[in-house]
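*Asks:* Just dropping this structure here.
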Amino acid sequence: MSRAERYTAAHWIALGHKDLAEGGADAVKLEAICKAAGLTRGSFYHHFKDHPAFLAALAAAWADRNTSRLMAGLGTNDGQPDADARTLNERAFDLDFALEVGMRDLARRHPAVAEIVAETDDWRLAVLRDLAQARFGLSSDKAADVAFLEYAAFCGMMLIRPGLDRATRDRLSRLLDDMTLRQAAQVWRPD
């Protein structure tokens, strides 16, 4: 069996995630990804209809890896949304920030990827909204605003410092959460 026969779609996706994180959107162009794999276009086309199909599969795998698994088990801490928030923060800061940034760069160039990234962002925001409602007793609209600000801070951190060390990520996350908790206790009231 040749290397090309053993190289699966999952291998192409894993290579795509690695190269996207390391080299940005240009690293997953067809020629670049085939060269990185050391395989021909024929091997690539054995697994993917075309390059846009590969990019969509790359984005779908990212959404699963960085969101579905991130959200797994949340809501099982009945009556303890603060525990869910801590769990989510810990998992979020284990994400590969460079891959997150690379996927957003790719989304700006490819509409099918942009659609998957937007759906993923909507899903993440909905989870954060639900947590804000449960934690702070906010209306859905106010909780959505809090979720948006929290997510914007998270995305901004990834864009500004994708290589930020874990200790700094944790410290900044705790600071933002403490500020949000203080604000909730002092000002916010259920609508």
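Ligands are numbered from 1 in the order shown, residues from 1 within each chain, and chains are lettered A, B, ... in the order they appear in the structure tokens.
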Considering only alpha helix (DSSP H) as DSSP defines it on the backbone, what residues of region 2-188 of chain A qualify? List them as a PyMOL selection string.

*Replies:* chain A and resi 3-6+9-23+30-37+41-47+51-63+69-71+81-92+97-109+111-136+140-160+166-186

*Asks:* Do a neighbour search on Thr120 (chain A) at 12 Å with only C-alpha atoms, toss out local chain neighbours closer than 6 positions, and write the hits as a PyMOL selection string.

*Replies:* chain A and resi 59-68+70-71+100+103-104+107+113-114+126-127

*Asks:* To one decimal place, how far is CA of Leu175 (chain A) from CA of Glu119 (chain A) in Å?

*Replies:*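 Atom-to-atom, CA of Leu175 (chain A) to CA of Glu119 (chain A), that is 28.2 Å.
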
*Asks:* So which residues touch Asp165 (chain A) within 12 Å, counting only C-alpha atoms, skipping near sequence neighbours fewer than 3 positions away, as a list in words?

*Replies:*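 Listed by chain and then number, they are Phe93, Asp94, Leu95, Asp96, Phe97, Met157, Met158, Arg161, Pro162, Thr168, Arg169, Asp170, Arg171 and Leu172 of chain A.
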
*Asks:* Report, in Å to a single decimal, how far apart CA of Lys29 (chain A) and CA of Trp123 (chain A) are.

*Replies:*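 According to the coordinates, CA of Trp123 (chain A) and CA of Lys29 (chain A) are separated by 27.7 Å.
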
*Asks:* From the list A:Gly137, A:Gly156, A:Gly16, A:Gly24, which residue is nearest Arg108 (chain A) when using only C-alpha atoms?

*Replies:*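 Closest candidate: A:Gly24.
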
*Asks:* For each of A:Phe136, A:Phe44, A:Phe148, A:Tyr7, take the minimum atom-to-atom distance to Leu30 (chain A), counting only C-alpha atoms, then give the residue where this is smallest.

*Replies:*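 Answer, going by the shortest atom-to-atom distance: A:Phe44.
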